[in-house]
file data_30.txt (compact mmCIF, C-alpha atoms)
# COMPACT_ATOMS: atom_id res chain seq x y z
CA MET A 245 117.79 197.94 69.37
CA HIS A 246 121.07 197.20 71.15
CA ILE A 247 120.87 194.56 73.88
CA LYS A 248 122.76 196.07 76.81
CA LYS A 249 123.19 192.84 78.66
CA ILE A 250 121.82 189.43 79.54
CA ARG A 251 121.82 188.98 83.31
CA PRO A 252 120.08 187.03 86.08
CA ALA A 253 116.57 188.28 86.82
CA ARG A 254 116.26 190.54 89.87
CA ALA A 255 113.22 191.02 92.08
CA ALA A 256 112.83 194.49 90.56
CA ASP A 257 112.47 192.92 87.06
CA LEU A 258 109.48 190.78 87.96
CA ALA A 259 106.80 193.38 87.21
CA GLN A 260 108.17 193.73 83.66
CA VAL A 261 108.48 189.95 83.23
CA VAL A 262 104.86 189.55 84.38
CA ALA A 263 103.80 192.25 81.90
CA ILE A 264 105.66 190.61 78.97
CA ASP A 265 104.19 187.21 79.82
CA ALA A 266 100.70 188.75 80.14
CA ALA A 267 101.07 190.50 76.78
CA ILE A 268 101.81 187.10 75.19
CA THR A 269 99.47 184.79 77.10
CA GLY A 270 96.75 187.18 78.26
CA MET A 271 97.24 186.05 81.88
CA ARG A 272 98.96 187.93 84.71
CA LYS A 273 100.79 185.43 86.94
CA ALA A 274 102.66 187.54 89.51
CA ARG A 275 102.87 184.83 92.21
CA TYR A 276 104.03 182.25 89.69
CA TRP A 277 106.92 184.46 88.52
CA THR A 278 107.98 185.23 92.10
CA GLY A 279 108.14 181.46 92.65
CA VAL A 280 110.09 180.94 89.42
CA ARG A 281 112.77 183.38 90.59
CA ARG A 282 113.02 181.57 93.92
CA ARG A 283 113.12 178.06 92.40
CA TYR A 284 115.23 178.33 89.29
CA ARG A 285 118.86 179.30 89.11
CA ASP A 286 118.72 179.96 85.38
CA PHE A 287 116.23 182.80 85.07
CA LEU A 288 117.76 185.43 82.79
CA VAL A 289 116.53 188.70 81.36
CA ALA A 290 117.67 190.76 78.36
CA GLU A 291 118.00 194.47 79.05
CA ALA A 292 117.92 197.20 76.39
CA ASP A 293 116.86 200.84 76.32
CA GLY A 294 116.53 200.76 80.12
CA LYS A 295 113.87 198.04 80.02
CA VAL A 296 113.57 194.28 80.26
CA GLN A 297 112.93 193.17 76.67
CA GLY A 298 112.69 189.45 77.28
CA TYR A 299 113.28 186.58 79.68
CA ILE A 300 114.22 182.91 79.64
CA VAL A 301 113.92 180.25 82.36
CA GLY A 302 115.57 176.86 82.42
CA GLU A 303 117.36 174.25 84.48
CA VAL A 304 119.62 171.23 84.11
CA ARG A 305 117.63 168.10 84.96
CA ASP A 306 119.38 164.81 85.69
CA TRP A 307 117.91 161.48 84.63
CA GLU A 308 114.31 162.60 84.53
CA PHE A 309 112.15 160.77 81.99
CA GLY A 310 115.09 158.37 81.62
CA SER A 311 117.27 161.04 79.99
CA PRO A 312 120.92 161.71 80.78
CA PRO A 313 121.47 165.24 82.20
CA VAL A 314 120.06 167.76 79.75
CA GLY A 315 119.36 171.50 79.89
CA TRP A 316 115.64 172.32 79.80
CA VAL A 317 114.13 175.59 78.64
CA PHE A 318 110.87 176.01 80.54
CA GLY A 319 109.84 179.34 79.10
CA ILE A 320 110.94 182.23 76.94
CA GLY A 321 109.20 185.53 76.23
CA VAL A 322 110.11 188.65 74.26
CA ARG A 323 108.19 191.94 74.17
CA PRO A 324 106.07 191.80 71.01
CA GLY A 325 107.60 195.13 69.85
CA ALA A 326 111.16 193.82 70.31
CA ARG A 327 110.82 190.69 68.16
CA LEU A 328 113.01 189.83 65.16
CA ASP A 329 115.79 191.81 66.86
CA GLY A 330 117.85 188.95 68.24
CA VAL A 331 116.60 189.19 71.85
CA GLY A 332 115.34 185.60 72.01
CA ALA A 333 118.47 184.29 70.28
CA ALA A 334 120.72 186.17 72.74
CA LEU A 335 118.76 184.81 75.73
CA LEU A 336 118.90 181.24 74.44
CA ALA A 337 122.63 181.54 73.67
CA ALA A 338 123.30 182.78 77.23
CA LEU A 339 121.28 179.95 78.75
CA CYS A 340 123.04 177.37 76.56
CA ALA A 341 126.41 178.80 77.64
CA ALA A 342 125.38 178.33 81.29
CA PHE A 343 124.26 174.76 80.56
CA ARG A 344 127.56 174.00 78.79
CA LYS A 345 129.51 175.17 81.84
CA ARG A 346 127.59 172.59 83.85
CA GLY A 347 128.70 169.86 81.46
CA VAL A 348 125.46 169.07 79.61
CA ALA A 349 125.60 168.32 75.91
CA ALA A 350 122.04 169.12 74.83
CA VAL A 351 119.22 171.58 75.39
CA ARG A 352 115.57 170.61 75.22
CA THR A 353 112.17 172.27 75.47
CA LEU A 354 108.50 171.35 75.26
CA LEU A 355 105.77 173.40 73.58
CA PRO A 356 102.14 173.09 72.59
CA ARG A 357 101.91 171.85 68.99
CA ASP A 358 99.89 174.90 67.99
CA ASN A 359 102.44 177.43 69.28
CA ALA A 360 103.87 177.89 65.78
CA LEU A 361 105.64 181.19 66.53
CA VAL A 362 107.77 179.94 69.42
CA LEU A 363 108.29 176.52 67.80
CA ALA A 364 109.60 178.36 64.71
CA PHE A 365 111.92 180.40 66.94
CA PHE A 366 113.49 177.30 68.51
CA ARG A 367 113.77 175.68 65.07
CA SER A 368 115.57 178.80 63.80
CA GLN A 369 118.10 178.28 66.58
CA GLY A 370 118.94 174.80 65.31
CA MET A 371 116.63 172.72 67.51
CA MET A 372 115.08 169.60 66.02
CA ALA A 373 112.53 167.10 67.39
CA ALA A 374 113.83 165.45 70.57
CA PRO A 375 114.00 161.66 70.80
CA VAL A 376 111.06 161.62 73.21
CA ILE A 377 107.29 161.50 72.79
CA PRO A 378 105.09 163.32 75.32
CA LEU A 379 101.89 161.46 76.16
CA GLU A 380 98.79 162.37 78.14
CA LYS A 381 95.21 161.35 78.80
CA ALA A 382 92.22 163.13 80.20
CA LEU A 383 91.38 162.13 83.78
CA ASP A 384 87.70 161.32 84.01
CA MET B 61 116.67 183.05 39.65
CA SER B 62 114.99 182.36 36.30
CA ALA B 63 112.49 179.54 35.80
CA ALA B 64 114.88 177.87 33.31
CA GLU B 65 117.71 177.94 35.87
CA ILE B 66 115.48 176.43 38.56
CA ALA B 67 114.23 173.71 36.17
CA ALA B 68 117.81 172.80 35.18
CA LYS B 69 119.07 172.78 38.78
CA TYR B 70 116.34 170.48 40.08
CA GLU B 71 115.86 168.48 36.85
CA VAL B 72 112.14 169.16 36.54
CA SER B 73 110.12 170.01 33.46
CA THR B 74 109.83 173.73 32.73
CA HIS B 75 106.14 173.23 31.96
CA HIS B 76 105.38 171.75 35.39
CA LEU B 77 107.64 174.27 37.13
CA ALA B 78 105.81 177.17 35.46
CA LYS B 79 102.55 175.95 36.99
CA VAL B 80 104.16 175.65 40.44
CA LEU B 81 105.79 179.09 40.26
CA ASN B 82 102.55 180.63 39.04
CA LYS B 83 100.67 179.19 42.01
CA LEU B 84 103.32 180.43 44.46
CA ALA B 85 103.23 183.89 42.86
CA ARG B 86 99.41 184.02 42.99
CA ALA B 87 99.56 183.11 46.69
CA GLY B 88 101.91 186.07 47.25
CA LEU B 89 104.92 183.95 48.18
CA LEU B 90 106.95 184.77 45.05
CA ARG B 91 107.41 187.92 43.03
CA ALA B 92 108.13 187.63 39.32
CA ALA B 93 110.41 190.16 37.66
CA ARG B 94 110.33 190.41 33.86
CA GLY B 95 113.08 191.30 31.43
CA ALA B 96 116.83 190.75 31.42
CA GLY B 97 118.03 189.64 34.84
CA GLY B 98 114.43 188.85 35.72
CA GLY B 99 113.22 185.75 37.47
CA TYR B 100 111.58 184.85 40.74
CA ARG B 101 112.22 186.25 44.20
CA LEU B 102 110.70 185.46 47.56
CA ALA B 103 108.00 188.03 48.26
CA GLY B 104 107.35 187.31 51.95
CA ASN B 105 109.50 187.39 55.07
CA ALA B 106 111.67 184.24 55.07
CA LYS B 107 111.55 184.24 58.88
CA ARG B 108 107.76 184.04 58.83
CA VAL B 109 106.84 181.94 55.76
CA THR B 110 106.76 178.27 56.77
CA LEU B 111 106.92 175.00 54.87
CA MET B 112 103.25 174.54 55.77
CA ASP B 113 102.38 177.76 53.91
CA VAL B 114 103.94 176.27 50.78
CA ILE B 115 102.74 172.68 51.17
CA ALA B 116 99.15 173.75 51.90
CA LEU B 117 98.96 175.29 48.43
CA PHE B 118 99.53 171.93 46.80
CA GLU B 119 98.14 169.28 49.10
CA ASP B 120 95.99 168.62 52.11
CA ILE B 121 97.77 166.95 55.00
CA GLY B 122 95.08 165.29 56.96
CA THR B 123 93.00 162.19 57.41
CA PRO B 124 89.35 162.75 56.48
CA ARG B 125 87.28 162.15 59.61
CA ARG B 126 84.81 159.33 59.05
CA ARG B 127 81.72 159.34 61.23
CA ASP B 128 79.80 156.28 60.11
CA ALA B 129 82.54 153.70 59.98
CA PRO B 130 83.29 150.50 61.86
CA PRO B 131 85.07 151.06 65.21
CA GLU B 132 88.36 149.61 63.93
CA LYS B 133 88.41 152.19 61.10
CA LEU B 134 87.57 155.02 63.51
CA ALA B 135 90.39 153.86 65.81
CA LEU B 136 92.83 153.79 62.90
CA ASP B 137 91.70 157.30 61.87
CA GLN B 138 92.56 158.48 65.37
CA VAL B 139 96.11 157.10 65.08
CA LEU B 140 96.58 158.57 61.58
CA GLU B 141 95.27 161.93 62.77
CA GLU B 142 97.92 161.96 65.51
CA ILE B 143 100.62 161.38 62.88
CA ASP B 144 99.16 164.08 60.59
CA GLU B 145 98.93 166.59 63.43
CA THR B 146 102.60 166.01 64.26
CA ALA B 147 103.51 166.45 60.59
CA ARG B 148 101.52 169.69 60.36
CA ALA B 149 103.13 171.05 63.55
CA THR B 150 106.57 170.23 62.14
CA PHE B 151 105.91 171.91 58.79
CA ARG B 152 104.39 174.95 60.55
CA SER B 153 107.53 175.35 62.66
CA ILE B 154 110.11 175.28 59.84
CA THR B 155 110.43 178.69 58.19
CA LEU B 156 112.17 179.17 54.84
CA ASP B 157 115.00 180.89 56.72
CA THR B 158 115.41 177.85 58.99
CA LEU B 159 115.37 175.57 55.96
CA ARG B 160 118.13 177.69 54.42
CA LYS B 161 120.18 177.19 57.61
CA LEU B 162 119.57 173.42 57.49
CA VAL B 163 120.75 173.36 53.86
CA ALA B 164 123.90 175.30 54.81
CA ARG B 165 124.56 172.85 57.65
CA ALA B 166 124.07 169.86 55.32
CA GLU B 167 126.56 171.37 52.84
CA ARG B 168 129.34 171.51 55.46
call {"tool": "encode", "arguments": {"input": "data_30.txt", "output": "structure tokens"}}
result
Amino acid sequence: MHIKKIRPARAADLAQVVAIDAAITGMRKARYWTGVRRRYRDFLVAEADGKVQGYIVGEVRDWEFGSPPVGWVFGIGVRPGARLDGVGAALLAALCAAFRKRGVAAVRTLLPRDNALVLAFFRSQGMMAAPVIPLEKALD
Amino acid sequence: MSAAEIAAKYEVSTHHLAKVLNKLARAGLLRAARGAGGGYRLAGNAKRVTLMDVIALFEDIGTPRRRDAPPEKLALDQVLEEIDETARATFRSITLDTLRKLVARAER
């Protein structure tokens, strides 16, 4: 598969983004994705064979959690049939290029510990454990 | 790569290495080729086989959960389990292909 281009997500792409996300997570979140497109400047899609093959969403966050400005990846998804074809790597590279232009020196993400597939993807792109520890507790 | 070459490169006994290679081959991670130019090759997809797949063949990473133990031991188990879970998640996320990239980076 030849990736035609990585470009900002358009309103017309949302149905395909929702479908890719639903194929991965089993949940259709149409309103959520409409909100994502409105809120986040860095919402990119990879286009090939006339279809959206994957998406990535991120943002530069300044000084949150005590960190200097850093680029965050909030989500990435690739059509199950288009995996191992460089779509995710191309999306992440494009997002990192956008982050670099804004002067940040690092990219960071957060994933459930049991999401081995996506964790392995980010590892394959050179990401290592961040110098932060996420904590939580159940609210009774 | 032949077993003798691997043993020489990593300075391990050929006897012990044979056992390790045999276990990896039986688990379907390695394929042995006999004859001249024979040796061992990775049988799986390097982008899908993880360090956890290999480690799990040889050891159990985990704190046995004790039920009838004093509260201080149960509390300590909880802390150790958090460490083990992080270790397992790390090993599950590093594929052999990623490890190869890390080695290449370390060689630079």
call {"tool": "residues_around", "arguments": {"input": "data_30.txt", "residues": "B:Leu162", "least_positions_apart": "5", "cutoff": "10 Å", "atoms": "all atoms listed in the file", "output": "PyMOL selection string"}}
result
(chain A and resi 367-368+370) or (chain B and resi 154+156-157+167)
call {"tool": "interface_residues", "arguments": {"input": "data_30.txt", "of": "chain A", "to": "chain B", "cutoff": "8 Å", "atoms": "all atoms listed in the file", "output": "list in words"}}
result
Arg357, Asp358, Ala360, Leu361, Leu363, Ala364, Phe365, Arg367, Ser368 and Gly370 of chain A
call {"tool": "residues_around", "arguments": {"input": "data_30.txt", "residues": "stretch 329-343 of chain A", "least_positions_apart": "2", "cutoff": "10 Å", "atoms": "only C-alpha atoms", "output": "PyMOL selection string"}}
result
chain A and resi 245-247+249-251+286-292+297-304+314-317+320-323+325-327+345-351+362+365-366+368-369
call {"tool": "atom_distance", "arguments": {"input": "data_30.txt", "atom1": "atom CA of B:Tyr100", "atom2": "atom CA of B:Arg86"}}
result
12.4 Å
call {"tool": "closest_residue", "arguments": {"input": "data_30.txt", "among": "B:Asn82, B:Thr123, B:Gln138, B:Ser73", "to": "B:Gly99", "atoms": "all atoms listed in the file"}}
result
B:Asn82
call {"tool": "atom_distance", "arguments": {"input": "data_30.txt", "atom1": "atom CA of B:Ala68", "atom2": "atom CA of B:Gly97"}}
result
16.8 Å
call {"tool": "closest_residue", "arguments": {"input": "data_30.txt", "among": "B:Ile66, B:Leu117, B:Val80, B:Met61", "to": "B:Ala96", "atoms": "all atoms listed in the file"}}
result
B:Met61
call {"tool": "atom_distance", "arguments": {"input": "data_30.txt", "atom1": "atom CA of A:Arg344", "atom2": "atom CA of B:Ala164"}}
result
24.3 Å
call {"tool": "closest_residue", "arguments": {"input": "data_30.txt", "among": "B:Ala106, B:Tyr70, B:Gly98, B:Ala92", "to": "A:Leu328", "atoms": "all atoms listed in the file"}}
result
B:Ala106
call {"tool": "residues_around", "arguments": {"input": "data_30.txt", "residues": "B:Ala85", "least_positions_apart": "6", "cutoff": "10 Å", "atoms": "all atoms listed in the file", "output": "list in words"}}
result
Lys79, Arg91, Ala92, Tyr100, Arg101, Leu102 and Ala103 of chain B
call {"tool": "closest_residue", "arguments": {"input": "data_30.txt", "among": "B:Asn105, B:Ala64, B:Pro130, B:Ala93", "to": "B:His76", "atoms": "only C-alpha atoms"}}
result
B:Ala64
call {"tool": "axis_aligned_box", "arguments": {"input": "data_30.txt", "around": "stretch 342-353 of chain A", "padding_each_side": "6 Å", "output": "JSON"}}
result
{"center_x": 120.8, "center_y": 173.3, "center_z": 79.3, "size_x": 29.3, "size_y": 22.0, "size_z": 21.0}
call {"tool": "closest_residue", "arguments": {"input": "data_30.txt", "among": "A:Ala266, A:Ala259, A:Met271, A:Pro313", "to": "A:Lys295", "atoms": "only C-alpha atoms"}}
result
A:Ala259
call {"tool": "build_atoms", "arguments": {"input": "data_30.txt", "residues": "stretch 291-324 of chain A", "atoms": "N, CA and C atoms", "output": "mmCIF file, in the frame of the given file"}}
result
data_model
loop_
_atom_site.group_PDB
_atom_site.id
_atom_site.type_symbol
_atom_site.label_atom_id
_atom_site.label_comp_id
_atom_site.auth_asym_id
_atom_site.auth_seq_id
_atom_site.Cartn_x
_atom_site.Cartn_y
_atom_site.Cartn_z
ATOM 1 N N GLU A 291 118.279 193.070 78.759
ATOM 2 C CA GLU A 291 118.000 194.470 79.050
ATOM 3 C C GLU A 291 118.435 195.330 77.871
ATOM 4 N N ALA A 292 117.576 196.242 77.450
ATOM 5 C CA ALA A 292 117.920 197.200 76.390
ATOM 6 C C ALA A 292 117.043 198.425 76.558
ATOM 7 N N ASP A 293 117.582 199.561 76.208
ATOM 8 C CA ASP A 293 116.860 200.840 76.320
ATOM 9 C C ASP A 293 116.247 201.012 77.712
ATOM 10 N N GLY A 294 116.981 200.566 78.736
ATOM 11 C CA GLY A 294 116.530 200.760 80.120
ATOM 12 C C GLY A 294 115.356 199.886 80.529
ATOM 13 N N LYS A 295 115.015 198.898 79.682
ATOM 14 C CA LYS A 295 113.870 198.040 80.020
ATOM 15 C C LYS A 295 114.221 196.566 79.851
ATOM 16 N N VAL A 296 113.447 195.713 80.511
ATOM 17 C CA VAL A 296 113.570 194.280 80.260
ATOM 18 C C VAL A 296 112.830 194.004 78.949
ATOM 19 N N GLN A 297 113.551 193.430 77.980
ATOM 20 C CA GLN A 297 112.930 193.170 76.670
ATOM 21 C C GLN A 297 112.496 191.724 76.509
ATOM 22 N N GLY A 298 113.058 190.865 77.383
ATOM 23 C CA GLY A 298 112.690 189.450 77.280
ATOM 24 C C GLY A 298 113.273 188.659 78.430
ATOM 25 N N TYR A 299 112.810 187.439 78.591
ATOM 26 C CA TYR A 299 113.280 186.580 79.680
ATOM 27 C C TYR A 299 113.383 185.142 79.183
ATOM 28 N N ILE A 300 114.156 184.356 79.916
ATOM 29 C CA ILE A 300 114.220 182.910 79.640
ATOM 30 C C ILE A 300 114.409 182.189 80.978
ATOM 31 N N VAL A 301 113.798 181.035 81.122
ATOM 32 C CA VAL A 301 113.920 180.250 82.360
ATOM 33 C C VAL A 301 114.276 178.818 81.975
ATOM 34 N N GLY A 302 115.211 178.249 82.703
ATOM 35 C CA GLY A 302 115.570 176.860 82.420
ATOM 36 C C GLY A 302 116.265 176.219 83.594
ATOM 37 N N GLU A 303 116.699 174.992 83.401
ATOM 38 C CA GLU A 303 117.360 174.250 84.480
ATOM 39 C C GLU A 303 117.975 172.981 83.891
ATOM 40 N N VAL A 304 119.081 172.539 84.496
ATOM 41 C CA VAL A 304 119.620 171.230 84.110
ATOM 42 C C VAL A 304 118.889 170.181 84.936
ATOM 43 N N ARG A 305 118.340 169.192 84.266
ATOM 44 C CA ARG A 305 117.630 168.100 84.960
ATOM 45 C C ARG A 305 118.384 166.791 84.714
ATOM 46 N N ASP A 306 118.626 166.068 85.795
ATOM 47 C CA ASP A 306 119.380 164.810 85.690
ATOM 48 C C ASP A 306 118.448 163.606 85.690
ATOM 49 N N TRP A 307 118.546 162.808 84.690
ATOM 50 C CA TRP A 307 117.910 161.480 84.630
ATOM 51 C C TRP A 307 116.393 161.479 84.726
ATOM 52 N N GLU A 308 115.771 162.636 84.528
ATOM 53 C CA GLU A 308 114.310 162.600 84.530
ATOM 54 C C GLU A 308 113.812 162.082 83.199
ATOM 55 N N PHE A 309 112.700 161.396 83.202
ATOM 56 C CA PHE A 309 112.150 160.770 81.990
ATOM 57 C C PHE A 309 113.172 159.845 81.340
ATOM 58 N N GLY A 310 114.094 159.304 82.148
ATOM 59 C CA GLY A 310 115.090 158.370 81.620
ATOM 60 C C GLY A 310 116.178 159.012 80.789
ATOM 61 N N SER A 311 116.259 160.359 80.805
ATOM 62 C CA SER A 311 117.270 161.040 79.990
ATOM 63 C C SER A 311 118.526 161.345 80.782
ATOM 64 N N PRO A 312 119.691 161.219 80.141
ATOM 65 C CA PRO A 312 120.920 161.710 80.780
ATOM 66 C C PRO A 312 120.761 163.213 81.037
ATOM 67 N N PRO A 313 121.607 163.807 81.895
ATOM 68 C CA PRO A 313 121.470 165.240 82.200
ATOM 69 C C PRO A 313 121.333 166.079 80.941
ATOM 70 N N VAL A 314 120.335 166.938 80.923
ATOM 71 C CA VAL A 314 120.060 167.760 79.750
ATOM 72 C C VAL A 314 119.541 169.117 80.251
ATOM 73 N N GLY A 315 119.849 170.173 79.510
ATOM 74 C CA GLY A 315 119.360 171.500 79.890
ATOM 75 C C GLY A 315 117.952 171.695 79.347
ATOM 76 N N TRP A 316 117.029 172.090 80.222
ATOM 77 C CA TRP A 316 115.640 172.320 79.800
ATOM 78 C C TRP A 316 115.345 173.809 79.725
ATOM 79 N N VAL A 317 114.661 174.222 78.692
ATOM 80 C CA VAL A 317 114.130 175.590 78.640
ATOM 81 C C VAL A 317 112.657 175.472 78.993
ATOM 82 N N PHE A 318 112.267 176.095 80.103
ATOM 83 C CA PHE A 318 110.870 176.010 80.540
ATOM 84 C C PHE A 318 110.005 177.112 79.935
ATOM 85 N N GLY A 319 110.636 178.236 79.655
ATOM 86 C CA GLY A 319 109.840 179.340 79.100
ATOM 87 C C GLY A 319 110.724 180.433 78.545
ATOM 88 N N ILE A 320 110.232 181.085 77.522
ATOM 89 C CA ILE A 320 110.940 182.230 76.940
ATOM 90 C C ILE A 320 109.878 183.228 76.492
ATOM 91 N N GLY A 321 110.157 184.503 76.673
ATOM 92 C CA GLY A 321 109.200 185.530 76.230
ATOM 93 C C GLY A 321 109.950 186.786 75.819
ATOM 94 N N VAL A 322 109.500 187.406 74.751
ATOM 95 C CA VAL A 322 110.110 188.650 74.260
ATOM 96 C C VAL A 322 108.980 189.645 74.022
ATOM 97 N N ARG A 323 109.206 190.900 74.420
ATOM 98 C CA ARG A 323 108.190 191.940 74.170
ATOM 99 C C ARG A 323 107.789 191.888 72.703
ATOM 100 N N PRO A 324 106.490 191.872 72.413
ATOM 101 C CA PRO A 324 106.070 191.800 71.010
ATOM 102 C C PRO A 324 106.753 192.858 70.125
#
